[in-house]
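Structure file entry.cif with mmCIF, C-alpha atoms and all ligand atoms:
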```
data_protein
#
loop_
_atom_site.label_atom_id
_atom_site.label_comp_id
_atom_site.auth_asym_id
_atom_site.auth_seq_id
_atom_site.Cartn_x
_atom_site.Cartn_y
_atom_site.Cartn_z
CA MET W 1 10.32 31.42 27.35
CA VAL W 2 12.60 31.63 24.33
CA LYS W 3 10.90 30.05 21.37
CA LYS W 4 12.79 27.33 19.54
CA ARG W 5 13.05 27.57 15.80
CA VAL W 6 11.45 24.88 13.62
CA ASP W 7 10.92 24.79 9.85
CA VAL W 8 7.16 24.27 9.65
CA LEU W 9 4.21 24.47 12.03
CA VAL W 10 0.89 22.96 10.99
CA LEU W 11 -1.68 24.48 13.36
CA ASN W 12 -5.32 24.87 14.38
CA SER W 13 -6.72 21.49 13.35
CA ASN W 14 -9.93 20.20 14.86
CA GLU W 15 -8.13 16.94 15.66
CA THR W 16 -4.57 15.76 15.20
CA ILE W 17 -4.45 11.97 15.05
CA THR W 18 -0.96 11.05 16.26
CA LEU W 19 -1.30 7.22 16.33
CA ASP W 20 1.29 7.60 19.07
CA SER W 21 -0.39 6.57 22.27
CA PRO W 22 2.07 4.66 24.47
CA GLU W 23 -0.49 3.83 27.14
CA ASN W 24 -2.92 2.30 24.63
CA GLU W 25 -1.52 0.56 21.59
CA ASN W 26 -4.92 0.55 19.91
CA GLY W 27 -5.61 4.19 20.74
CA LEU W 28 -5.49 6.87 18.09
CA GLY W 29 -3.71 9.43 20.29
CA ILE W 30 -6.07 12.26 19.35
CA VAL W 31 -5.04 15.82 20.23
CA ASP W 32 -7.94 18.28 20.09
CA HIS W 33 -7.12 21.62 18.41
CA GLY W 34 -3.69 20.24 17.74
CA GLY W 35 -0.90 20.58 15.24
CA VAL W 36 2.57 19.39 14.33
CA ALA W 37 6.04 20.96 14.54
CA ILE W 38 8.54 19.89 11.87
CA LYS W 39 12.28 20.36 11.59
CA GLN W 40 14.63 18.98 8.93
CA GLY W 41 11.86 16.81 7.58
CA LYS W 42 11.16 15.09 10.91
CA ILE W 43 8.40 15.29 13.51
CA VAL W 44 9.53 17.45 16.45
CA LEU W 45 6.24 17.35 18.32
CA ALA W 46 2.53 16.77 17.79
CA ALA W 47 0.61 18.65 20.47
CA SER W 48 -2.04 21.29 21.11
CA THR W 49 -1.82 24.44 19.00
CA ASP W 50 -1.50 26.45 22.22
CA LEU W 51 1.57 24.56 23.33
CA LEU W 52 3.17 24.56 19.88
CA GLU W 53 2.74 28.34 19.58
CA ARG W 54 4.26 28.87 23.01
CA LYS W 55 7.26 26.66 22.34
CA TYR W 56 8.14 27.25 18.69
CA ARG W 57 8.51 29.82 15.97
CA ALA W 58 8.60 28.65 12.37
CA GLY W 59 9.74 29.81 8.96
CA ARG W 60 6.38 28.66 7.66
CA THR W 61 2.98 28.11 9.19
CA ILE W 62 0.16 26.12 7.61
CA ASP W 63 -3.24 26.87 9.09
CA VAL W 64 -5.67 23.96 8.86
CA GLU W 65 -8.73 25.31 10.62
CA ASN W 66 -11.80 23.01 10.39
CA GLU W 67 -9.61 20.13 9.24
CA ILE W 68 -8.00 17.07 10.79
CA ILE W 69 -4.34 16.03 10.53
CA LEU W 70 -3.25 12.43 10.05
CA PRO W 71 0.02 10.66 9.25
CA GLY W 72 0.33 10.31 5.46
CA PHE W 73 -1.48 7.18 4.28
CA VAL W 74 0.56 4.08 3.48
CA ASP W 75 -0.60 1.85 0.62
CA PRO W 76 1.11 -1.51 1.19
CA HIS W 77 -0.09 -3.29 -1.97
CA THR W 78 -0.17 -1.99 -5.57
CA HIS W 79 0.66 -3.25 -9.06
CA LEU W 80 1.27 0.30 -10.26
CA ILE W 81 3.55 -0.17 -13.28
CA PHE W 82 1.93 -1.57 -16.42
CA ALA W 83 0.75 -0.42 -19.84
CA GLY W 84 -2.84 -0.37 -21.07
CA ALA W 85 -6.10 -0.91 -19.24
CA ARG W 86 -8.72 -3.68 -19.20
CA GLU W 87 -12.04 -1.86 -19.23
CA ALA W 88 -13.24 -4.08 -22.11
CA GLU W 89 -12.73 -7.28 -20.11
CA PHE W 90 -14.64 -5.78 -17.20
CA GLN W 91 -17.85 -5.89 -19.25
CA PRO W 92 -18.07 -9.72 -19.51
CA ARG W 93 -17.03 -9.86 -15.87
CA ILE W 94 -20.07 -7.76 -15.03
CA GLU W 95 -22.12 -10.34 -16.94
CA GLY W 96 -20.68 -13.13 -14.79
CA VAL W 97 -17.57 -14.47 -16.55
CA SER W 98 -15.00 -15.22 -13.86
CA TYR W 99 -11.57 -13.61 -13.54
CA MET W 100 -9.82 -17.00 -13.57
CA GLU W 101 -11.73 -18.05 -16.71
CA ILE W 102 -10.56 -14.89 -18.52
CA LEU W 103 -6.98 -15.57 -17.36
CA ARG W 104 -7.13 -19.17 -18.67
CA LYS W 105 -8.17 -17.85 -22.11
CA GLY W 106 -5.09 -15.60 -22.29
CA GLY W 107 -6.78 -12.41 -21.10
CA GLY W 108 -6.39 -10.78 -17.73
CA ILE W 109 -2.82 -10.50 -16.51
CA ILE W 110 -1.48 -12.00 -19.77
CA GLU W 111 -3.04 -9.23 -21.86
CA THR W 112 -1.39 -6.62 -19.64
CA VAL W 113 1.91 -8.53 -19.86
CA ASN W 114 1.81 -8.31 -23.66
CA ARG W 115 1.15 -4.56 -23.56
CA THR W 116 3.80 -3.96 -20.89
CA ARG W 117 6.47 -5.92 -22.76
CA GLN W 118 5.89 -3.66 -25.78
CA ALA W 119 5.97 -0.44 -23.73
CA SER W 120 9.08 1.75 -23.60
CA PRO W 121 10.71 2.47 -20.23
CA GLU W 122 9.88 6.14 -20.74
CA SER W 123 6.16 5.50 -21.20
CA LEU W 124 6.08 3.29 -18.10
CA PHE W 125 7.83 6.06 -16.16
CA GLN W 126 5.19 8.57 -17.33
CA PHE W 127 2.34 6.26 -16.28
CA GLY W 128 4.06 5.80 -12.95
CA GLN W 129 4.40 9.53 -12.36
CA GLN W 130 0.76 10.23 -13.19
CA ARG W 131 -0.50 7.42 -10.97
CA LEU W 132 1.75 8.39 -8.06
CA ASP W 133 0.50 11.98 -8.36
CA THR W 134 -3.02 10.58 -7.93
CA CYS W 135 -1.81 8.65 -4.86
CA LEU W 136 -0.47 11.89 -3.37
CA GLU W 137 -3.67 13.79 -4.16
CA SER W 138 -5.54 10.96 -2.40
CA GLY W 139 -3.39 11.32 0.72
CA SER W 140 -0.93 8.43 0.28
CA THR W 141 2.70 9.30 0.97
CA THR W 142 4.16 5.78 0.96
CA VAL W 143 3.29 3.29 -1.79
CA GLU W 144 4.49 -0.25 -2.40
CA ILE W 145 4.86 -1.19 -6.08
CA LYS W 146 5.14 -4.74 -7.42
CA SER W 147 6.60 -5.85 -10.72
CA GLY W 148 4.91 -8.80 -12.41
CA TYR W 149 3.76 -7.71 -15.86
CA GLY W 150 7.05 -8.67 -17.54
CA LEU W 151 7.30 -12.37 -16.66
CA ARG W 152 10.73 -12.64 -18.26
CA GLU W 153 13.99 -11.31 -17.00
CA ASP W 154 14.48 -8.27 -19.22
CA ASP W 155 10.91 -7.04 -18.83
CA GLU W 156 10.77 -7.63 -15.07
CA LEU W 157 14.02 -5.64 -14.79
CA LYS W 158 12.56 -2.92 -17.05
CA ILE W 159 9.65 -2.53 -14.61
CA LEU W 160 11.86 -2.57 -11.50
CA ARG W 161 14.23 -0.02 -13.05
CA THR W 162 11.22 2.19 -13.75
CA VAL W 163 10.28 1.87 -10.07
CA GLN W 164 13.88 2.75 -9.17
CA ARG W 165 13.73 5.86 -11.36
CA LEU W 166 10.42 6.87 -9.76
CA ARG W 167 12.06 6.54 -6.34
CA GLU W 168 14.63 9.09 -7.47
CA TYR W 169 12.28 11.56 -9.15
CA HIS W 170 8.95 11.32 -7.35
CA PRO W 171 8.42 12.63 -3.81
CA CYS W 172 6.33 9.60 -2.76
CA ASN W 173 8.14 7.02 -0.60
CA ILE W 174 8.21 3.95 -2.81
CA VAL W 175 8.83 0.37 -1.72
CA PRO W 176 9.80 -1.96 -4.61
CA THR W 177 8.67 -5.60 -4.73
CA PHE W 178 9.73 -8.24 -7.23
CA MET W 179 6.75 -10.35 -8.25
CA GLY W 180 7.95 -12.34 -11.23
CA ALA W 181 5.65 -15.11 -9.97
CA HIS W 182 2.48 -13.19 -10.86
CA ALA W 183 1.30 -15.53 -13.65
CA VAL W 184 2.74 -18.33 -15.78
CA PRO W 185 3.71 -16.90 -19.19
CA PRO W 186 2.04 -18.52 -22.22
CA GLY W 187 3.97 -21.43 -23.69
CA GLU W 188 5.75 -22.30 -20.42
CA THR W 189 4.91 -24.73 -17.67
CA SER W 190 4.84 -23.38 -14.15
CA SER W 191 7.74 -25.66 -13.11
CA GLU W 192 9.98 -24.33 -15.94
CA PHE W 193 9.04 -20.79 -15.09
CA VAL W 194 9.65 -21.25 -11.35
CA LEU W 195 13.15 -22.53 -12.13
CA SER W 196 13.89 -19.45 -14.23
CA ILE W 197 12.70 -17.22 -11.37
CA VAL W 198 14.76 -19.06 -8.77
CA ASN W 199 17.93 -19.55 -10.81
CA GLU W 200 17.99 -16.44 -12.99
CA MET W 201 15.61 -13.60 -12.16
CA LEU W 202 15.86 -13.54 -8.36
CA PRO W 203 19.69 -13.50 -8.27
CA ARG W 204 19.76 -10.70 -10.87
CA VAL W 205 17.15 -8.63 -9.02
CA ALA W 206 18.89 -9.10 -5.66
CA GLN W 207 22.33 -8.35 -7.05
CA ALA W 208 21.09 -5.15 -8.71
CA GLY W 209 19.38 -4.09 -5.45
CA LEU W 210 16.13 -3.47 -7.32
CA ALA W 211 13.68 -4.90 -4.77
CA GLU W 212 13.16 -4.98 -1.01
CA PHE W 213 10.41 -7.61 -1.10
CA CYS W 214 9.54 -10.72 -3.09
CA ASP W 215 5.88 -11.62 -3.60
CA VAL W 216 4.19 -14.70 -5.13
CA PHE W 217 0.65 -15.31 -6.44
CA CYS W 218 -0.01 -18.56 -4.55
CA GLU W 219 -3.24 -19.89 -6.02
CA GLN W 220 -4.74 -23.00 -7.61
CA GLY W 221 -3.82 -22.92 -11.30
CA VAL W 222 -1.11 -20.28 -10.82
CA PHE W 223 1.71 -21.17 -8.37
CA ASP W 224 1.00 -23.97 -5.91
CA SER W 225 2.26 -24.03 -2.35
CA VAL W 226 5.41 -26.04 -3.16
CA GLU W 227 6.39 -23.63 -5.94
CA SER W 228 5.54 -20.59 -3.85
CA LYS W 229 7.69 -21.83 -0.97
CA MET W 230 10.58 -22.56 -3.31
CA ILE W 231 10.55 -19.01 -4.67
CA LEU W 232 10.12 -17.31 -1.30
CA ARG W 233 12.83 -19.43 0.37
CA LYS W 234 15.28 -18.47 -2.35
CA ALA W 235 14.28 -14.80 -2.03
CA ALA W 236 14.87 -14.91 1.73
CA LYS W 237 18.28 -16.47 1.17
CA LEU W 238 19.14 -13.58 -1.14
CA GLY W 239 18.16 -11.06 1.56
CA LEU W 240 14.71 -10.06 0.32
CA LYS W 241 11.76 -9.70 2.69
CA LEU W 242 8.63 -11.72 1.94
CA LYS W 243 5.03 -11.08 0.97
CA ILE W 244 2.47 -13.46 -0.47
CA HIS W 245 -0.85 -13.21 -2.34
CA ALA W 246 -2.57 -15.68 -0.04
CA ASP W 247 -5.87 -17.52 -0.41
CA GLN W 248 -7.59 -14.92 -2.61
CA PHE W 249 -9.74 -17.34 -4.63
CA THR W 250 -9.35 -20.60 -2.71
CA ASP W 251 -7.59 -21.92 0.40
CA SER W 252 -4.28 -22.60 -1.35
CA GLY W 253 -2.01 -22.73 1.68
CA GLY W 254 -0.87 -19.11 1.32
CA ALA W 255 -1.44 -18.05 4.91
CA GLU W 256 0.27 -21.20 6.13
CA ILE W 257 3.35 -20.43 4.01
CA ALA W 258 3.39 -16.85 5.33
CA ASN W 259 3.38 -18.18 8.90
CA ARG W 260 5.96 -20.84 8.25
CA LEU W 261 8.40 -18.52 6.43
CA ARG W 262 7.69 -15.55 8.74
CA ALA W 263 6.67 -13.30 5.84
CA ASN W 264 6.25 -9.58 6.58
CA SER W 265 2.71 -9.74 5.30
CA ALA W 266 0.08 -12.06 3.87
CA ASP W 267 -2.31 -10.28 1.53
CA HIS W 268 -5.98 -10.95 0.54
CA LEU W 269 -6.73 -13.84 3.02
CA VAL W 270 -10.29 -14.22 1.73
CA HIS W 271 -10.30 -18.02 2.09
CA SER W 272 -7.67 -18.55 4.80
CA PRO W 273 -8.50 -21.06 7.52
CA PRO W 274 -9.11 -19.46 10.96
CA LYS W 275 -6.29 -21.55 12.45
CA GLN W 276 -3.73 -19.82 10.22
CA LEU W 277 -5.08 -16.38 11.10
CA GLU W 278 -4.75 -17.27 14.80
CA LYS W 279 -1.18 -18.28 14.19
CA MET W 280 -0.35 -14.79 12.89
CA VAL W 281 -0.66 -13.50 16.44
CA GLU W 282 2.51 -15.42 17.24
CA THR W 283 4.36 -15.22 13.90
CA LYS W 284 3.75 -11.44 13.61
CA VAL W 285 2.76 -11.76 9.94
CA ILE W 286 0.73 -8.63 9.11
CA PRO W 287 -2.65 -9.38 7.47
CA VAL W 288 -3.25 -7.04 4.53
CA VAL W 289 -6.91 -6.86 3.54
CA LEU W 290 -7.94 -5.50 0.13
CA PRO W 291 -11.71 -4.84 0.03
CA SER W 292 -11.73 -2.93 -3.29
CA SER W 293 -10.04 -5.89 -4.94
CA SER W 294 -12.80 -8.21 -3.66
CA LEU W 295 -15.41 -5.76 -4.88
CA SER W 296 -13.88 -5.57 -8.37
CA LEU W 297 -13.99 -9.36 -8.63
CA LEU W 298 -17.77 -9.14 -8.14
CA SER W 299 -17.64 -12.32 -6.09
CA GLY W 300 -19.15 -10.86 -2.96
CA GLU W 301 -16.43 -12.60 -0.91
CA ASN W 302 -14.37 -10.65 1.60
CA ALA W 303 -11.67 -11.44 4.10
CA ASP W 304 -12.95 -11.84 7.66
CA ALA W 305 -11.36 -8.68 9.01
CA ARG W 306 -13.60 -8.71 12.11
CA SER W 307 -12.22 -12.07 13.26
CA MET W 308 -8.68 -10.83 12.66
CA LEU W 309 -9.37 -7.75 14.78
CA THR W 310 -10.94 -9.88 17.51
CA LEU W 311 -7.72 -11.91 17.57
CA GLY W 312 -5.84 -8.65 18.12
CA LEU W 313 -4.12 -8.73 14.73
CA PRO W 314 -2.91 -5.38 13.31
CA VAL W 315 -5.04 -5.42 10.17
CA ALA W 316 -3.62 -3.33 7.31
CA LEU W 317 -5.60 -2.06 4.33
CA GLY W 318 -4.41 -1.48 0.76
CA THR W 319 -5.78 -0.61 -2.67
CA ASP W 320 -4.42 -3.50 -4.80
CA PHE W 321 -4.39 -1.02 -7.69
CA SER W 322 -4.06 -3.00 -10.95
CA PRO W 323 -5.70 -3.11 -14.39
CA SER W 324 -8.47 -5.25 -12.89
CA ASN W 325 -9.04 -2.93 -9.92
CA TRP W 326 -8.46 0.64 -11.05
CA MET W 327 -8.41 2.65 -7.85
CA LEU W 328 -5.70 4.47 -5.95
CA GLY W 329 -7.41 6.18 -3.02
CA GLN W 330 -7.06 4.87 0.52
CA LEU W 331 -10.06 6.98 1.59
CA THR W 332 -12.19 4.99 -0.85
CA VAL W 333 -10.72 1.77 0.58
CA ALA W 334 -11.74 3.18 3.99
CA ALA W 335 -15.31 3.65 2.76
CA LEU W 336 -15.39 0.02 1.61
CA ALA W 337 -13.74 -1.28 4.79
CA SER W 338 -16.51 0.20 6.93
CA ARG W 339 -19.33 -1.10 4.74
CA GLU W 340 -17.97 -4.44 3.51
CA LEU W 341 -15.72 -5.42 6.43
CA ARG W 342 -17.51 -3.65 9.30
CA MET W 343 -14.33 -1.92 10.40
CA LYS W 344 -14.75 1.13 12.61
CA ALA W 345 -13.08 4.48 11.93
CA SER W 346 -10.34 3.87 14.52
CA GLU W 347 -9.55 0.43 13.04
CA ILE W 348 -9.51 1.78 9.50
CA ILE W 349 -7.22 4.67 10.42
CA ARG W 350 -4.68 2.25 11.90
CA GLY W 351 -5.15 0.06 8.80
CA ILE W 352 -4.10 2.80 6.37
CA THR W 353 -1.30 4.26 8.51
CA ILE W 354 0.71 2.42 11.18
CA ASN W 355 -0.43 -1.13 10.36
CA ALA W 356 0.21 -0.60 6.65
CA ALA W 357 3.66 0.73 7.58
CA ARG W 358 4.23 -2.51 9.55
CA ALA W 359 3.31 -4.54 6.46
CA LEU W 360 6.24 -2.81 4.73
CA GLY W 361 8.63 -2.99 7.68
CA LEU W 362 8.57 0.84 7.86
CA GLU W 363 6.87 1.27 11.24
CA LYS W 364 9.94 2.97 12.72
CA ARG W 365 9.98 5.61 9.97
CA VAL W 366 6.37 6.40 9.00
CA GLY W 367 2.76 5.71 10.00
CA SER W 368 2.50 7.84 13.16
CA PHE W 369 3.59 11.20 14.59
CA HIS W 370 6.12 9.67 16.96
CA VAL W 371 8.96 12.16 17.58
CA GLY W 372 11.76 11.72 15.06
CA LYS W 373 9.71 10.00 12.38
CA ASP W 374 9.44 11.42 8.85
CA ALA W 375 7.09 14.41 8.74
CA ASP W 376 4.67 12.82 6.26
CA LEU W 377 1.14 14.07 6.85
CA VAL W 378 -2.21 14.69 5.26
CA THR W 379 -4.85 17.24 6.24
CA LEU W 380 -8.49 16.46 5.50
CA ARG W 381 -11.47 18.78 5.21
CA VAL W 382 -13.64 16.89 7.68
CA PRO W 383 -14.71 17.84 11.21
CA ASN W 384 -13.41 14.72 12.98
CA HIS W 385 -11.81 11.31 12.47
CA LYS W 386 -15.13 9.44 12.39
CA TRP W 387 -15.53 10.75 8.85
CA ILE W 388 -12.88 8.22 7.75
CA GLY W 389 -14.91 5.32 6.41
CA TYR W 390 -18.05 7.46 6.50
CA THR W 391 -17.20 9.68 3.53
CA TYR W 392 -16.26 8.12 0.18
CA GLY W 393 -13.41 10.61 0.07
CA GLU W 394 -14.13 12.97 -2.80
CA ARG W 395 -12.37 16.33 -2.49
CA VAL W 396 -11.57 15.71 1.17
CA VAL W 397 -7.77 15.94 0.95
CA ASP W 398 -6.40 19.48 1.37
CA ASN W 399 -2.63 19.40 2.13
CA VAL W 400 -0.07 16.63 1.85
CA LEU W 401 3.46 16.98 3.23
CA ILE W 402 6.31 14.53 2.71
CA ALA W 403 9.38 14.95 4.94
CA GLY W 404 8.02 18.37 5.86
CA LYS W 405 7.70 19.56 2.27
CA ARG W 406 4.26 20.44 0.93
CA VAL W 407 3.54 18.42 -2.23
CA VAL W 408 -0.27 18.85 -2.41
CA ARG W 409 -2.24 22.02 -1.70
CA ASP W 410 -6.02 22.38 -2.04
CA GLY W 411 -6.06 18.75 -3.17
CA LYS W 412 -3.78 19.42 -6.15
CA ARG W 413 -0.23 18.24 -6.69
CA ILE W 414 2.22 21.16 -6.52
CA PRO W 415 4.48 20.83 -9.57
ZN ZN X 1 -2.20 -7.89 -5.76
#
```
As structure tokens, how would this structure be written, given the file I've shared?
Amino acid sequence: MVKKRVDVLVLNSNETITLDSPENENGLGIVDHGGVAIKQGKIVLAASTDLLERKYRAGRTIDVENEIILPGFVDPHTHLIFAGAREAEFQPRIEGVSYMEILRKGGGIIETVNRTRQASPESLFQFGQQRLDTCLESGSTTVEIKSGYGLREDDELKILRTVQRLREYHPCNIVPTFMGAHAVPPGETSSEFVLSIVNEMLPRVAQAGLAEFCDVFCEQGVFDSVESKMILRKAAKLGLKLKIHADQFTDSGGAEIANRLRANSADHLVHSPPKQLEKMVETKVIPVVLPSSSLSLLSGENADARSMLTLGLPVALGTDFSPSNWMLGQLTVAALASRELRMKASEIIRGITINAARALGLEKRVGSFHVGKDADLVTLRVPNHKWIGYTYGERVVDNVLIAGKRVVRDGKRIP
């Protein structure tokens, strides 16, 4: 048989997790001793090493003996662009002062807003690059980034332009979200601020093509359900897709809004009523669960991921990286999902790959090794997939490829 030429062959894994199992939607599609053939940045075939070696010859071969291969992780929820950190505020939080109490006293998000408004675009770009490099080294190849630390037009646009520049210069796939409705700026009422979002910021953002999604922090004392709906309806009219921070601290109607407006995803869902979760089966809203965020709040309250899985919902997992939850690794989220949410390895793997891709509307491009998808993959130094959620993830990532190009080797970003 004449061997066909491909660009890259990744071979000799213990397991190749394809997430492409037509006969069983919830199956992982595991190929033992498998690998992946890549041409022009796309998946040609994921199959056994034997078959790949018989069918293809490649310009480059990557041997991943004693490792497993997975689609690159997708992080569907981050607040990645901001200046400063809030380690000082974390100390009183450890002593029991609540997050919302700190926010009411002008700390929390507002402190980060002040720092971010003062920051130059160049410094924000540098922070972004460093943090995205950490994402890559942690196995994430697609990352959603929200604005929301500007809270006025010029500063929100400064953040979204930084995200735009990162999309051009950083290999990570980046999905930009406008989240002007992240907090009410000091000195304004929420109704004034909502009007400025609806009448000024959203049209500017949409016209400049700086965001694919619009997100709102729907919560008691932040934006109520009427305000949240007003913002999201306007965003939909302008062609943006919808996300919502739903029911994180209280049942604030967030999940209901997501269902009613057919949002792509509803995120957090810690206090959502079971009826609204059931409804997601029919509305196809993707539940995004953020266990590290719950842990950082020190509240001990988590979303009921088990009930969502019992309903058959495609539960996605994200980091919710922000100054109040400083973590970027989806393998660490996996470790928390098993312990705090009782999710099994197979459920977690879908949560950080194909289901997270669904939360971003990218399921046709990334999240599995379906033929023709982008060749984004990660190889892990573990014997089998049950280590996902079992290990906390330190020094587990070996290689990361994006569109067939190696961007991480031996766990380190290749400059
Ligand atoms: Zn968030």
Set the cut-off to 7 Å, count all atoms listed in the file, and list whatever residues fall near ligand ZN 1 (chain X) as an mmCIF file with C-alpha atoms, in the coordinates of the input.
```cif
data_model
loop_
_atom_site.group_PDB
_atom_site.id
_atom_site.type_symbol
_atom_site.label_atom_id
_atom_site.label_comp_id
_atom_site.auth_asym_id
_atom_site.auth_seq_id
_atom_site.Cartn_x
_atom_site.Cartn_y
_atom_site.Cartn_z
ATOM 1 C CA HIS W 77 -0.090 -3.290 -1.970
ATOM 2 C CA THR W 78 -0.170 -1.990 -5.570
ATOM 3 C CA HIS W 79 0.660 -3.250 -9.060
ATOM 4 C CA HIS W 245 -0.850 -13.210 -2.340
ATOM 5 C CA ASP W 320 -4.420 -3.500 -4.800
#
```
>> At a cut-off of 7 Å around the point (-13.4, 17.4, 17.8) (file coordinates), what residues fall inside when counting all atoms listed in the file? I'd like the answer as a ChimeraX atom specification.
In response: /W:14-15,32,383-384
>> For region 290-293 of chain W, find every residue with an atom within 8 Å (counting all atoms listed in the file), except residues of its own chain fewer than 2 positions away, and show them as a PyMOL selection string.
In response: chain W and resi 267-268+288+295-297+302-303+317-321+325+327+333+336-337+340-341
> Could you work out how far CA of Gln126 (chain W) lies from CA of Phe73 (chain W), giving the answer in Å with one decimal?
Replying inline: 22.7 Å
> What lies within 12 Å of Ser368 (chain W) using all atoms listed in the file, ignoring chain neighbours under 4 positions off, as a ChimeraX atom specification?
Replying inline: /W:16-22,25,27-30,36,42-43,45-46,69-74,349-358,362-364,372-378
> Separation of CA of Pro274 (chain W) and CA of Lys243 (chain W), in Å?
Replying inline: 19.2 Å
Enumerate, in order of chain and increasing residue number, the residues of region 204-298 of chain W with an atom no farther than 9 Å from region 98-112 of chain W, each with its shortest atom pair and distance in Å to one decimal, counting all atoms listed in the file, as CSV.
```
residue,atom,partner,partner_atom,distance
W:Gly221,CA,W:Met100,CA,8.7
W:Phe249,CA,W:Met100,CA,8.9
W:Leu297,CA,W:Tyr99,CA,6.9
W:Leu298,CA,W:Ser98,CA,8.8
```
> With distances taken over only C-alpha atoms, which of W:Glu192, W:Glu219, W:Asp398, W:Glu122 is nearest to Thr162 (chain W)?
Replying inline: W:Glu122
> What gap, in Å, lies between CA of Gln129 (chain W) and CA of Thr141 (chain W)?
Replying inline: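 Computed distance, CA of Gln129 (chain W) to CA of Thr141 (chain W), equals 13.4 Å.
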Centre and edges of the region 381-386 of chain W box, axis-aligned, 3 Å extra per side, as AutoDock Vina command-line options:
```
--center_x -13.3 --center_y 14.1 --center_z 9.1 --size_x 9.7 --size_y 15.3 --size_z 13.8
```
> Do you know which residues are at most 7 Å from Phe217 (chain W) counting all atoms listed in the file, after dropping those on the same chain fewer than 4 positions away, and could you put them as a PyMOL selection string?
Replying inline: chain W and resi 181-182+222-223+244-245
> Which polymer residues have any atom within 7 Å of an atom of Val397 (chain W), counting all atoms listed in the file, with same-chain residues fewer than 5 positions away left out, as a ChimeraX atom specification?
Replying inline: /W:137-139,379-381,411
>> I'd like to know which of W:Leu202, W:Ile197, W:Leu11, W:Ala183 is closest to Gln220 (chain W), using only C-alpha atoms.
In response: W:Ala183
